[in-house]
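The structure appears below as structure tokens.
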There are 2 protein chains.
Amino acid sequence: MYIPTLSDMFEAHQRIKPHIHRTPVLTSTFIDTLVGANLFFKCENLQKAGAFKARGASNAVFGLSEEQAARGVATHSSGNHGTCLSYAAGRRGIPCTVVMPRTAPQAKKDAVRGYGGQVVECEPSTSSREAVFAEVVAETGAEFVHPYNDSRVIAGQATCSKELIEQVDDLDAVIAPIGGGGMVSGTCLTLTNLAPRVKIYAAEPEQADDAYRSFKGGHIIADDAPNTVADGLKVPLKELTWHFVKNNVSDILTASETDIIDAMKLIWKRMKIVMEPSSAVPLAAILKNKHLFSGKRIGIIVTGGNVDLDTLPWQ
Amino acid sequence: MYIPTLSDMFEAHQRIKPHIHRTPVLTSTFIDTLVGANLFFKCENLQKAGAFKARGASNAVFGLSEEQAARGVATHSSGNHGTCLSYAAGRRGIPCTVVMPRTAPQAKKDAVRGYGGQVVECEPSTSSREAVFAEVVAETGAEFVHPYNDSRVIAGQATCSKELIEQVDDLDAVIAPIGGGGMVSGTCLTLTNLAPRVKIYAAEPEQADDAYRSFKGGHIIADDAPNTVADGLKVPLKELTWHFVKNNVSDILTASETDIIDAMKLIWKRMKIVMEPSSAVPLAAILKNKHLFSGKRIGIIVTGGNVDLDTLPWQ
């Protein structure tokens, strides 16, 4: 297991700069007053392909040798990583294959194809996914880019917090949603080195609280078929992300489904940005734990904005 | 009739800077490809109180003498101007009264009150509104700030295009939605002086095309009870805004209700921003008139983001 370093993060930022947005940081006086703190929303929902995962995927893709690149990249993901890997591969002009359950939403398949990637369907089971994915790699020789348990991906995600501390002075804490832990790991990598005074929190749905239970239990615990509106956060930690979570995170806070949906709607309404349920988990957790954040300067990573506008969760 | 000048705009910008956001300019590769042009979205939906009208309202409020200010401000508006005037008055700590039909949406009344303003209800007719408004002014001595037919308001709105040309080089054209014409007039004021090469377009719903018909007819024509999803654009031109429209606008383009809703959903989906139907009219018009914009660099004013998230027009 190779743990990415600060210089990997700096190299990643140089490498991906032409392919990503330096996303804006937005604020809301209304929400600040509600919380009693100063919140700075780092808007990765406005990132290329609509999610922070464009950073990690671009770092992996543009770090490949010419020879590797010619064989393309592959992953299994029915979420933003698949879309973002397709985006990055499209920018480099190399093949990308994404293995996805045939039951995945049509919009997710279309998003991968929209950037030029190929979707290969499997049955909705782990064994089918692994078998189909192995076949794809055997046939193409494509480079596997894991959604988060990959040091290139974590170094890419780590560039987000670098920008954030350049954009906002004197943060007391940064909070990000946690699923597999790629963004949280990247945040740890950057902040423990460049801004060690800044506390790092992770926020998770109560109904998919495997990272919370892992953190409290001292070892990785995977949820059995979690169900939450924050569908980007259902996946478990893996060894690389567990390393960062275990060593660098101050605490993991959880939020109920109702709190997540209320926080999501509040942000849409007051801040006028479209973001995923997953991205609302940090504000939901802050509103439930105001005492931790009162009077402080808090960075919040808004992780993505790819939602189905026809089925919003408050309707 | 006092026509505001470029120095009024510069003074306005100095005056209102502490009270407004310098809103970001966002872009979308996907939409650029669709149109065949480079579009730069000036995001006034991310403005204080959710609309560009915070600029004009702040200029009017902070330009008052202490004596005038003590008596407060008043307007009639069931839209963003009422909310934004209440916002600006709240920042200065002076009274604000907004006359609104009792049938106006509860959310609009709440928005005015949320910033500290007082709502006075009238019957939903012009005669009742005028009578009630006259009473309010007689009682309070408040300063009337018209939503758009007011040189202080136009000078305030004009600061938006000043920022835009500082943020984006070499624009070929700027397009904004037109209702009463306050934003379009401000755009004319700034661009004809500071960037005379930039063409100015206005965009209007087909179903509320009074500005279009006025422009073609050479005199102000008011619609009789127009009905459009772009409810911020139902009001007619007045003499001050007509002056700018008549003299400085290259053309007025119209869009159907379906085109407006499709453009709105496209922007939400691809750009991840919440914006009003009114703000989608320019993109709808551009998509219908690609030949005018092909290969060009186009600024688009996204005028506001105050929508009811429970009743979206595509549902």
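Residue numbering restarts at 1 for every chain of the structure tokens, chains are lettered A, B, ... in their displayed order, and ligands are numbered from 1 as they appear.
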Inset, instruction - Could you list, as a ChimeraX atom specification, the residues of chain A having an atom within 8 Å of chain B when counting only C-alpha atoms? - result: /A:24,45-46,50,265,268-275,305-307,309-310,314-315
Over all C-alpha pairs taken in sequence order, what does chain A look like after a least-squares fit onto chain B? Please give it as an mmCIF file with C-alpha atoms, in the first residue's frame.
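Saved file part.cif follows:
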data_model
loop_
_atom_site.group_PDB
_atom_site.id
_atom_site.type_symbol
_atom_site.label_atom_id
_atom_site.label_comp_id
_atom_site.auth_asym_id
_atom_site.auth_seq_id
_atom_site.Cartn_x
_atom_site.Cartn_y
_atom_site.Cartn_z
ATOM 1 C CA MET A 1 -36.577 62.801 -16.414
ATOM 2 C CA TYR A 2 -32.964 62.501 -15.280
ATOM 3 C CA ILE A 3 -30.936 60.039 -17.370
ATOM 4 C CA PRO A 4 -28.241 58.414 -15.223
ATOM 5 C CA THR A 5 -24.657 58.831 -16.415
ATOM 6 C CA LEU A 6 -21.488 56.778 -16.332
ATOM 7 C CA SER A 7 -20.298 58.664 -13.273
ATOM 8 C CA ASP A 8 -23.554 57.806 -11.514
ATOM 9 C CA MET A 9 -22.689 54.167 -12.198
ATOM 10 C CA PHE A 10 -19.152 54.552 -10.807
ATOM 11 C CA GLU A 11 -20.499 56.302 -7.714
ATOM 12 C CA ALA A 12 -23.111 53.581 -7.324
ATOM 13 C CA HIS A 13 -20.453 50.860 -7.434
ATOM 14 C CA GLN A 14 -18.390 52.564 -4.730
ATOM 15 C CA ARG A 15 -21.489 53.048 -2.621
ATOM 16 C CA ILE A 16 -22.902 49.524 -2.846
ATOM 17 C CA LYS A 17 -19.707 47.442 -2.833
ATOM 18 C CA PRO A 18 -19.923 46.641 0.905
ATOM 19 C CA HIS A 19 -23.503 45.447 0.482
ATOM 20 C CA ILE A 20 -23.353 43.267 -2.624
ATOM 21 C CA HIS A 21 -21.474 40.231 -3.868
ATOM 22 C CA ARG A 22 -19.137 40.523 -6.832
ATOM 23 C CA THR A 23 -20.900 37.522 -8.368
ATOM 24 C CA PRO A 24 -18.927 34.832 -10.193
ATOM 25 C CA VAL A 25 -19.018 34.211 -13.936
ATOM 26 C CA LEU A 26 -19.614 30.540 -14.770
ATOM 27 C CA THR A 27 -19.192 28.635 -18.023
ATOM 28 C CA SER A 28 -20.328 25.280 -19.407
ATOM 29 C CA THR A 29 -18.412 23.403 -22.085
ATOM 30 C CA PHE A 30 -21.541 21.365 -22.809
ATOM 31 C CA ILE A 31 -23.747 24.397 -23.465
ATOM 32 C CA ASP A 32 -20.976 26.131 -25.434
ATOM 33 C CA THR A 33 -20.803 23.123 -27.739
ATOM 34 C CA LEU A 34 -24.576 23.078 -28.087
ATOM 35 C CA VAL A 35 -24.681 26.737 -29.104
ATOM 36 C CA GLY A 36 -21.387 26.897 -31.000
ATOM 37 C CA ALA A 37 -20.287 29.959 -29.026
ATOM 38 C CA ASN A 38 -18.572 30.881 -25.749
ATOM 39 C CA LEU A 39 -21.130 31.814 -23.122
ATOM 40 C CA PHE A 40 -20.257 33.587 -19.866
ATOM 41 C CA PHE A 41 -22.999 33.469 -17.253
ATOM 42 C CA LYS A 42 -22.885 36.383 -14.811
ATOM 43 C CA CYS A 43 -24.568 34.799 -11.823
ATOM 44 C CA GLU A 44 -26.761 37.386 -10.147
ATOM 45 C CA ASN A 45 -28.827 34.503 -8.820
ATOM 46 C CA LEU A 46 -25.919 34.263 -6.365
ATOM 47 C CA GLN A 47 -26.330 37.965 -5.513
ATOM 48 C CA LYS A 48 -27.454 39.117 -2.051
ATOM 49 C CA ALA A 49 -31.174 38.424 -1.593
ATOM 50 C CA GLY A 50 -31.000 36.249 -4.717
ATOM 51 C CA ALA A 51 -31.301 38.858 -7.468
ATOM 52 C CA PHE A 52 -29.492 41.683 -9.290
ATOM 53 C CA LYS A 53 -32.082 44.040 -7.835
ATOM 54 C CA ALA A 54 -29.996 44.173 -4.654
ATOM 55 C CA ARG A 55 -27.679 46.475 -6.649
ATOM 56 C CA GLY A 56 -30.244 49.117 -7.594
ATOM 57 C CA ALA A 57 -32.054 48.938 -4.278
ATOM 58 C CA SER A 58 -28.794 49.326 -2.333
ATOM 59 C CA ASN A 59 -27.794 52.311 -4.447
ATOM 60 C CA ALA A 60 -31.106 54.032 -3.793
ATOM 61 C CA VAL A 61 -31.093 53.284 -0.061
ATOM 62 C CA PHE A 62 -27.464 54.178 0.655
ATOM 63 C CA GLY A 63 -27.689 57.327 -1.465
ATOM 64 C CA LEU A 64 -30.365 58.858 0.785
ATOM 65 C CA SER A 65 -29.507 61.725 3.137
ATOM 66 C CA GLU A 66 -29.772 60.960 6.842
ATOM 67 C CA GLU A 67 -32.992 62.934 6.979
ATOM 68 C CA GLN A 68 -34.602 61.092 4.068
ATOM 69 C CA ALA A 69 -33.344 57.769 5.355
ATOM 70 C CA ALA A 70 -34.970 58.303 8.737
ATOM 71 C CA ARG A 71 -38.373 58.320 7.038
ATOM 72 C CA GLY A 72 -37.622 55.056 5.289
ATOM 73 C CA VAL A 73 -38.313 53.738 1.800
ATOM 74 C CA ALA A 74 -41.383 52.292 0.140
ATOM 75 C CA THR A 75 -42.273 50.487 -3.050
ATOM 76 C CA HIS A 76 -44.920 48.360 -4.674
ATOM 77 C CA SER A 77 -43.611 45.032 -5.944
ATOM 78 C CA SER A 78 -44.570 41.444 -5.469
ATOM 79 C CA GLY A 79 -41.228 40.319 -6.885
ATOM 80 C CA ASN A 80 -37.494 40.609 -6.265
ATOM 81 C CA HIS A 81 -37.425 44.405 -5.996
ATOM 82 C CA GLY A 82 -39.547 44.338 -2.846
ATOM 83 C CA THR A 83 -37.293 41.716 -1.273
ATOM 84 C CA CYS A 84 -34.133 43.532 -2.303
ATOM 85 C CA LEU A 85 -35.340 46.929 -1.094
ATOM 86 C CA SER A 86 -36.130 45.320 2.249
ATOM 87 C CA TYR A 87 -32.636 43.793 2.240
ATOM 88 C CA ALA A 88 -30.958 47.143 1.553
ATOM 89 C CA ALA A 89 -33.098 49.036 4.082
ATOM 90 C CA GLY A 90 -32.302 46.361 6.659
ATOM 91 C CA ARG A 91 -28.570 46.849 6.025
ATOM 92 C CA ARG A 92 -28.967 50.576 6.660
ATOM 93 C CA GLY A 93 -31.324 50.007 9.580
ATOM 94 C CA ILE A 94 -34.181 52.101 8.179
ATOM 95 C CA PRO A 95 -37.880 51.293 7.695
ATOM 96 C CA CYS A 96 -39.113 49.735 4.460
ATOM 97 C CA THR A 97 -42.717 49.271 3.392
ATOM 98 C CA VAL A 98 -43.724 47.094 0.447
ATOM 99 C CA VAL A 99 -47.262 47.278 -0.901
ATOM 100 C CA MET A 100 -48.322 43.914 -2.292
ATOM 101 C CA PRO A 101 -51.603 42.376 -3.448
ATOM 102 C CA ARG A 102 -53.076 40.218 -0.690
ATOM 103 C CA THR A 103 -53.101 37.415 -3.297
ATOM 104 C CA ALA A 104 -49.300 37.465 -3.687
ATOM 105 C CA PRO A 105 -47.541 34.198 -2.742
ATOM 106 C CA GLN A 106 -46.861 33.805 0.972
ATOM 107 C CA ALA A 107 -43.178 33.134 0.182
ATOM 108 C CA LYS A 108 -42.832 36.625 -1.336
ATOM 109 C CA LYS A 109 -44.346 38.258 1.733
ATOM 110 C CA ASP A 110 -42.117 36.172 3.993
ATOM 111 C CA ALA A 111 -39.040 37.186 1.994
ATOM 112 C CA VAL A 112 -39.735 40.901 2.537
ATOM 113 C CA ARG A 113 -40.378 40.327 6.240
ATOM 114 C CA GLY A 114 -37.307 38.112 6.524
ATOM 115 C CA TYR A 115 -35.102 41.151 5.886
ATOM 116 C CA GLY A 116 -37.080 43.333 8.278
ATOM 117 C CA GLY A 117 -39.448 45.092 5.859
ATOM 118 C CA GLN A 118 -43.157 45.609 6.420
ATOM 119 C CA VAL A 119 -45.752 44.265 3.978
ATOM 120 C CA VAL A 120 -48.926 46.294 3.463
ATOM 121 C CA GLU A 121 -51.560 44.429 1.504
ATOM 122 C CA CYS A 122 -53.810 45.895 -1.185
ATOM 123 C CA GLU A 123 -56.456 44.409 -3.436
ATOM 124 C CA PRO A 124 -55.117 42.873 -6.643
ATOM 125 C CA SER A 125 -55.913 45.893 -8.829
ATOM 126 C CA THR A 126 -53.934 48.907 -9.998
ATOM 127 C CA SER A 127 -56.379 51.383 -8.410
ATOM 128 C CA SER A 128 -56.183 49.696 -4.993
ATOM 129 C CA ARG A 129 -52.398 49.470 -5.192
ATOM 130 C CA GLU A 130 -52.085 53.174 -6.031
ATOM 131 C CA ALA A 131 -54.501 54.226 -3.298
ATOM 132 C CA VAL A 132 -52.852 52.097 -0.629
ATOM 133 C CA PHE A 133 -49.381 53.152 -1.717
ATOM 134 C CA ALA A 134 -50.318 56.867 -1.607
ATOM 135 C CA GLU A 135 -51.601 56.346 1.925
ATOM 136 C CA VAL A 136 -48.348 54.685 3.013
ATOM 137 C CA VAL A 137 -46.260 57.535 1.627
ATOM 138 C CA ALA A 138 -48.546 60.191 3.129
ATOM 139 C CA GLU A 139 -48.313 58.562 6.551
ATOM 140 C CA THR A 140 -44.599 57.812 6.637
ATOM 141 C CA GLY A 141 -43.009 60.317 4.276
ATOM 142 C CA ALA A 142 -41.058 57.347 2.916
ATOM 143 C CA GLU A 143 -38.961 57.724 -0.242
ATOM 144 C CA PHE A 144 -40.500 55.894 -3.205
ATOM 145 C CA VAL A 145 -38.016 53.605 -4.959
ATOM 146 C CA HIS A 146 -39.559 52.411 -8.221
ATOM 147 C CA PRO A 147 -38.512 48.896 -9.318
ATOM 148 C CA TYR A 148 -36.881 50.193 -12.531
ATOM 149 C CA ASN A 149 -38.068 53.621 -13.671
ATOM 150 C CA ASP A 150 -35.630 55.317 -11.319
ATOM 151 C CA SER A 151 -32.201 56.640 -12.260
ATOM 152 C CA ARG A 152 -30.672 55.513 -8.936
ATOM 153 C CA VAL A 153 -31.912 51.992 -9.555
ATOM 154 C CA ILE A 154 -30.635 51.907 -13.143
ATOM 155 C CA ALA A 155 -27.212 53.232 -12.060
ATOM 156 C CA GLY A 156 -27.099 50.395 -9.513
ATOM 157 C CA GLN A 157 -28.050 47.694 -12.017
ATOM 158 C CA ALA A 158 -25.385 49.134 -14.354
ATOM 159 C CA THR A 159 -22.652 47.970 -11.960
ATOM 160 C CA CYS A 160 -23.317 44.378 -13.007
ATOM 161 C CA SER A 161 -21.967 44.861 -16.535
ATOM 162 C CA LYS A 162 -18.989 46.800 -15.208
ATOM 163 C CA GLU A 163 -18.004 43.718 -13.213
ATOM 164 C CA LEU A 164 -18.727 41.454 -16.160
ATOM 165 C CA ILE A 165 -16.338 43.274 -18.517
ATOM 166 C CA GLU A 166 -13.702 43.273 -15.783
ATOM 167 C CA GLN A 167 -14.183 39.508 -15.414
ATOM 168 C CA VAL A 168 -14.360 38.539 -19.115
ATOM 169 C CA ASP A 169 -12.283 39.993 -21.967
ATOM 170 C CA ASP A 170 -13.386 40.681 -25.510
ATOM 171 C CA LEU A 171 -17.109 40.064 -25.288
ATOM 172 C CA ASP A 172 -18.970 40.406 -28.582
ATOM 173 C CA ALA A 173 -22.409 40.745 -27.035
ATOM 174 C CA VAL A 174 -24.319 40.773 -23.760
ATOM 175 C CA ILE A 175 -27.873 39.525 -23.435
ATOM 176 C CA ALA A 176 -30.261 40.033 -20.513
ATOM 177 C CA PRO A 177 -33.931 39.303 -19.913
ATOM 178 C CA ILE A 178 -36.257 42.270 -20.248
ATOM 179 C CA GLY A 179 -39.321 43.032 -18.144
ATOM 180 C CA GLY A 180 -39.481 46.663 -17.072
ATOM 181 C CA GLY A 181 -36.009 47.114 -18.518
ATOM 182 C CA GLY A 182 -33.979 48.090 -15.467
ATOM 183 C CA MET A 183 -31.176 45.576 -16.017
ATOM 184 C CA VAL A 184 -31.124 46.157 -19.777
ATOM 185 C CA SER A 185 -30.949 49.924 -19.222
ATOM 186 C CA GLY A 186 -28.094 49.546 -16.768
ATOM 187 C CA THR A 187 -26.307 47.282 -19.235
ATOM 188 C CA CYS A 188 -26.723 49.919 -21.950
ATOM 189 C CA LEU A 189 -25.460 52.675 -19.668
ATOM 190 C CA THR A 190 -22.245 50.829 -18.882
ATOM 191 C CA LEU A 191 -21.467 49.155 -22.168
ATOM 192 C CA THR A 192 -22.196 52.016 -24.566
ATOM 193 C CA ASN A 193 -19.678 54.068 -22.571
ATOM 194 C CA LEU A 194 -17.045 51.535 -21.535
ATOM 195 C CA ALA A 195 -17.284 48.885 -24.259
ATOM 196 C CA PRO A 196 -19.163 50.373 -27.216
ATOM 197 C CA ARG A 197 -18.167 47.491 -29.509
ATOM 198 C CA VAL A 198 -20.276 45.045 -27.434
ATOM 199 C CA LYS A 199 -23.767 44.497 -28.852
ATOM 200 C CA ILE A 200 -26.655 44.500 -26.387
ATOM 201 C CA TYR A 201 -29.573 42.114 -26.801
ATOM 202 C CA ALA A 202 -32.692 41.725 -24.693
ATOM 203 C CA ALA A 203 -34.654 38.484 -24.372
ATOM 204 C CA GLU A 204 -38.357 38.272 -23.629
ATOM 205 C CA PRO A 205 -41.078 35.622 -23.358
ATOM 206 C CA GLU A 206 -43.277 35.448 -26.478
ATOM 207 C CA GLN A 207 -46.256 35.525 -24.140
ATOM 208 C CA ALA A 208 -45.184 38.846 -22.586
ATOM 209 C CA ASP A 209 -43.555 40.478 -25.608
ATOM 210 C CA ASP A 210 -44.478 44.097 -24.923
ATOM 211 C CA ALA A 211 -40.846 45.277 -25.061
ATOM 212 C CA TYR A 212 -40.401 43.450 -28.389
ATOM 213 C CA ARG A 213 -43.510 45.103 -29.817
ATOM 214 C CA SER A 214 -42.523 48.483 -28.383
ATOM 215 C CA PHE A 215 -39.062 48.157 -29.951
ATOM 216 C CA LYS A 216 -40.484 47.249 -33.336
ATOM 217 C CA GLY A 217 -43.291 49.812 -33.093
ATOM 218 C CA GLY A 218 -41.158 52.740 -31.955
ATOM 219 C CA HIS A 219 -43.230 53.615 -28.881
ATOM 220 C CA ILE A 220 -44.087 52.016 -25.523
ATOM 221 C CA ILE A 221 -46.751 49.320 -25.795
ATOM 222 C CA ALA A 222 -47.932 47.697 -22.557
ATOM 223 C CA ASP A 223 -49.258 44.149 -22.501
ATOM 224 C CA ASP A 224 -52.719 43.508 -21.248
ATOM 225 C CA ALA A 225 -52.398 40.910 -18.477
ATOM 226 C CA PRO A 226 -49.548 38.837 -19.945
ATOM 227 C CA ASN A 227 -49.171 35.273 -18.727
ATOM 228 C CA THR A 228 -45.756 33.582 -18.634
ATOM 229 C CA VAL A 229 -43.742 31.249 -16.434
ATOM 230 C CA ALA A 230 -41.119 34.023 -16.416
ATOM 231 C CA ASP A 231 -43.146 36.002 -13.915
ATOM 232 C CA GLY A 232 -40.472 38.619 -13.325
ATOM 233 C CA LEU A 233 -40.910 39.843 -16.898
ATOM 234 C CA LYS A 234 -44.582 40.795 -17.003
ATOM 235 C CA VAL A 235 -44.169 44.515 -16.298
ATOM 236 C CA PRO A 236 -44.057 47.158 -19.063
ATOM 237 C CA LEU A 237 -41.295 49.584 -20.053
ATOM 238 C CA LYS A 238 -41.454 53.116 -18.662
ATOM 239 C CA GLU A 239 -39.989 56.326 -20.081
ATOM 240 C CA LEU A 240 -36.540 55.997 -18.514
ATOM 241 C CA THR A 241 -35.974 52.389 -19.558
ATOM 242 C CA TRP A 242 -37.564 53.056 -22.948
ATOM 243 C CA HIS A 243 -34.888 55.727 -23.506
ATOM 244 C CA PHE A 244 -32.113 53.131 -23.194
ATOM 245 C CA VAL A 245 -33.920 50.329 -25.007
ATOM 246 C CA LYS A 246 -34.819 52.530 -27.967
ATOM 247 C CA ASN A 247 -31.349 54.002 -28.368
ATOM 248 C CA ASN A 248 -28.925 51.248 -27.402
ATOM 249 C CA VAL A 249 -30.369 47.783 -27.850
ATOM 250 C CA SER A 250 -29.413 45.884 -31.030
ATOM 251 C CA ASP A 251 -32.435 43.617 -30.986
ATOM 252 C CA ILE A 252 -35.032 41.968 -28.753
ATOM 253 C CA LEU A 253 -35.416 38.213 -29.164
ATOM 254 C CA THR A 254 -38.349 36.192 -27.899
ATOM 255 C CA ALA A 255 -38.777 32.618 -26.676
ATOM 256 C CA SER A 256 -41.741 30.314 -26.134
ATOM 257 C CA GLU A 257 -42.785 28.966 -22.751
ATOM 258 C CA THR A 258 -41.525 25.470 -23.639
ATOM 259 C CA ASP A 259 -38.180 26.839 -24.796
ATOM 260 C CA ILE A 260 -37.826 28.841 -21.571
ATOM 261 C CA ILE A 261 -38.552 25.826 -19.360
ATOM 262 C CA ASP A 262 -36.205 23.592 -21.382
ATOM 263 C CA ALA A 263 -33.414 26.174 -21.159
ATOM 264 C CA MET A 264 -34.001 26.567 -17.419
ATOM 265 C CA LYS A 265 -33.762 22.839 -16.835
ATOM 266 C CA LEU A 266 -30.674 22.599 -19.052
ATOM 267 C CA ILE A 267 -28.882 25.242 -16.974
ATOM 268 C CA TRP A 268 -29.885 23.638 -13.662
ATOM 269 C CA LYS A 269 -28.744 20.257 -14.934
ATOM 270 C CA ARG A 270 -25.442 21.186 -16.556
ATOM 271 C CA MET A 271 -24.392 24.257 -14.558
ATOM 272 C CA LYS A 272 -25.764 23.219 -11.156
ATOM 273 C CA ILE A 273 -27.280 26.575 -10.369
ATOM 274 C CA VAL A 274 -30.782 27.416 -9.200
ATOM 275 C CA MET A 275 -32.233 30.225 -11.301
ATOM 276 C CA GLU A 276 -35.622 31.649 -12.111
ATOM 277 C CA PRO A 277 -37.530 31.025 -15.332
ATOM 278 C CA SER A 278 -36.899 34.705 -16.226
ATOM 279 C CA SER A 279 -33.156 34.055 -16.144
ATOM 280 C CA ALA A 280 -33.468 31.257 -18.680
ATOM 281 C CA VAL A 281 -35.048 33.435 -21.374
ATOM 282 C CA PRO A 282 -31.682 34.614 -22.809
ATOM 283 C CA LEU A 283 -30.369 31.065 -23.334
ATOM 284 C CA ALA A 284 -33.729 30.025 -24.813
ATOM 285 C CA ALA A 285 -33.489 32.955 -27.259
ATOM 286 C CA ILE A 286 -29.861 32.156 -28.115
ATOM 287 C CA LEU A 287 -30.692 28.514 -28.851
ATOM 288 C CA LYS A 288 -33.410 29.700 -31.243
ATOM 289 C CA ASN A 289 -31.105 32.224 -32.938
ATOM 290 C CA LYS A 290 -27.754 30.432 -33.041
ATOM 291 C CA HIS A 291 -26.758 32.147 -36.308
ATOM 292 C CA LEU A 292 -26.542 35.490 -34.475
ATOM 293 C CA PHE A 293 -24.130 34.159 -31.870
ATOM 294 C CA SER A 294 -22.097 31.484 -33.655
ATOM 295 C CA GLY A 295 -18.382 31.661 -32.794
ATOM 296 C CA LYS A 296 -18.888 34.708 -30.569
ATOM 297 C CA ARG A 297 -18.172 35.512 -26.924
ATOM 298 C CA ILE A 298 -21.492 36.224 -25.211
ATOM 299 C CA GLY A 299 -22.223 37.488 -21.709
ATOM 300 C CA ILE A 300 -25.531 36.350 -20.225
ATOM 301 C CA ILE A 301 -27.017 38.035 -17.175
ATOM 302 C CA VAL A 302 -28.557 35.405 -14.887
ATOM 303 C CA THR A 303 -30.896 37.778 -13.135
ATOM 304 C CA GLY A 304 -32.179 35.878 -10.121
ATOM 305 C CA GLY A 305 -32.619 32.639 -8.257
ATOM 306 C CA ASN A 306 -35.743 33.054 -6.157
ATOM 307 C CA VAL A 307 -37.939 30.127 -7.152
ATOM 308 C CA ASP A 308 -40.417 27.995 -5.285
ATOM 309 C CA LEU A 309 -38.624 24.644 -5.046
ATOM 310 C CA ASP A 310 -41.918 22.869 -4.416
ATOM 311 C CA THR A 311 -43.466 23.831 -7.755
ATOM 312 C CA LEU A 312 -40.867 23.612 -10.491
ATOM 313 C CA PRO A 313 -42.211 24.285 -13.976
ATOM 314 C CA TRP A 314 -41.113 20.970 -15.517
ATOM 315 C CA GLN A 315 -43.056 18.914 -13.035
#
From the DSSP assignment of the backbone, select every residue of segment 55-151 of chain B that is alpha helix (DSSP H), and format the answer as a PDB file with C-alpha atoms, in the first residue's frame.
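The new file part_18.pdb reads:
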ATOM      1  CA  ARG B  55     -27.678  46.468  -6.644  1.00  0.00           C
ATOM      2  CA  GLY B  56     -30.243  49.113  -7.582  1.00  0.00           C
ATOM      3  CA  ALA B  57     -32.048  48.935  -4.265  1.00  0.00           C
ATOM      4  CA  SER B  58     -28.787  49.328  -2.334  1.00  0.00           C
ATOM      5  CA  ASN B  59     -27.788  52.310  -4.448  1.00  0.00           C
ATOM      6  CA  ALA B  60     -31.113  54.016  -3.793  1.00  0.00           C
ATOM      7  CA  VAL B  61     -31.089  53.276  -0.055  1.00  0.00           C
ATOM      8  CA  PHE B  62     -27.457  54.177   0.648  1.00  0.00           C
ATOM      9  CA  GLU B  66     -29.772  60.954   6.845  1.00  0.00           C
ATOM     10  CA  GLU B  67     -32.995  62.930   6.973  1.00  0.00           C
ATOM     11  CA  GLN B  68     -34.588  61.084   4.060  1.00  0.00           C
ATOM     12  CA  ALA B  69     -33.334  57.757   5.347  1.00  0.00           C
ATOM     13  CA  ALA B  70     -34.975  58.299   8.729  1.00  0.00           C
ATOM     14  CA  ARG B  71     -38.375  58.327   7.031  1.00  0.00           C
ATOM     15  CA  ASN B  80     -37.489  40.601  -6.261  1.00  0.00           C
ATOM     16  CA  HIS B  81     -37.421  44.386  -6.002  1.00  0.00           C
ATOM     17  CA  GLY B  82     -39.546  44.325  -2.850  1.00  0.00           C
ATOM     18  CA  THR B  83     -37.289  41.707  -1.269  1.00  0.00           C
ATOM     19  CA  CYS B  84     -34.127  43.527  -2.303  1.00  0.00           C
ATOM     20  CA  LEU B  85     -35.351  46.923  -1.099  1.00  0.00           C
ATOM     21  CA  SER B  86     -36.127  45.313   2.250  1.00  0.00           C
ATOM     22  CA  TYR B  87     -32.627  43.785   2.239  1.00  0.00           C
ATOM     23  CA  ALA B  88     -30.954  47.148   1.557  1.00  0.00           C
ATOM     24  CA  ALA B  89     -33.100  49.025   4.074  1.00  0.00           C
ATOM     25  CA  GLY B  90     -32.290  46.363   6.648  1.00  0.00           C
ATOM     26  CA  ARG B  91     -28.563  46.843   6.019  1.00  0.00           C
ATOM     27  CA  ARG B  92     -28.960  50.572   6.646  1.00  0.00           C
ATOM     28  CA  GLN B 106     -46.842  33.798   0.951  1.00  0.00           C
ATOM     29  CA  ALA B 107     -43.164  33.127   0.164  1.00  0.00           C
ATOM     30  CA  LYS B 108     -42.813  36.613  -1.357  1.00  0.00           C
ATOM     31  CA  LYS B 109     -44.342  38.240   1.715  1.00  0.00           C
ATOM     32  CA  ASP B 110     -42.106  36.156   3.983  1.00  0.00           C
ATOM     33  CA  ALA B 111     -39.031  37.165   1.986  1.00  0.00           C
ATOM     34  CA  VAL B 112     -39.730  40.893   2.531  1.00  0.00           C
ATOM     35  CA  ARG B 113     -40.362  40.309   6.230  1.00  0.00           C
ATOM     36  CA  GLY B 114     -37.290  38.097   6.521  1.00  0.00           C
ATOM     37  CA  THR B 126     -53.933  48.903 -10.005  1.00  0.00           C
ATOM     38  CA  SER B 127     -56.360  51.356  -8.427  1.00  0.00           C
ATOM     39  CA  SER B 128     -56.171  49.695  -5.006  1.00  0.00           C
ATOM     40  CA  ARG B 129     -52.389  49.463  -5.198  1.00  0.00           C
ATOM     41  CA  GLU B 130     -52.076  53.147  -6.054  1.00  0.00           C
ATOM     42  CA  ALA B 131     -54.489  54.214  -3.326  1.00  0.00           C
ATOM     43  CA  VAL B 132     -52.832  52.090  -0.637  1.00  0.00           C
ATOM     44  CA  PHE B 133     -49.368  53.143  -1.740  1.00  0.00           C
ATOM     45  CA  ALA B 134     -50.313  56.841  -1.632  1.00  0.00           C
ATOM     46  CA  GLU B 135     -51.581  56.324   1.901  1.00  0.00           C
ATOM     47  CA  VAL B 136     -48.332  54.682   2.998  1.00  0.00           C
ATOM     48  CA  VAL B 137     -46.255  57.520   1.603  1.00  0.00           C
ATOM     49  CA  ALA B 138     -48.538  60.172   3.088  1.00  0.00           C
ATOM     50  CA  GLU B 139     -48.297  58.566   6.523  1.00  0.00           C
ATOM     51  CA  THR B 140     -44.586  57.817   6.606  1.00  0.00           C
ATOM     52  CA  SER B 151     -32.207  56.643 -12.249  1.00  0.00           C
TER      53      SER B 151
END
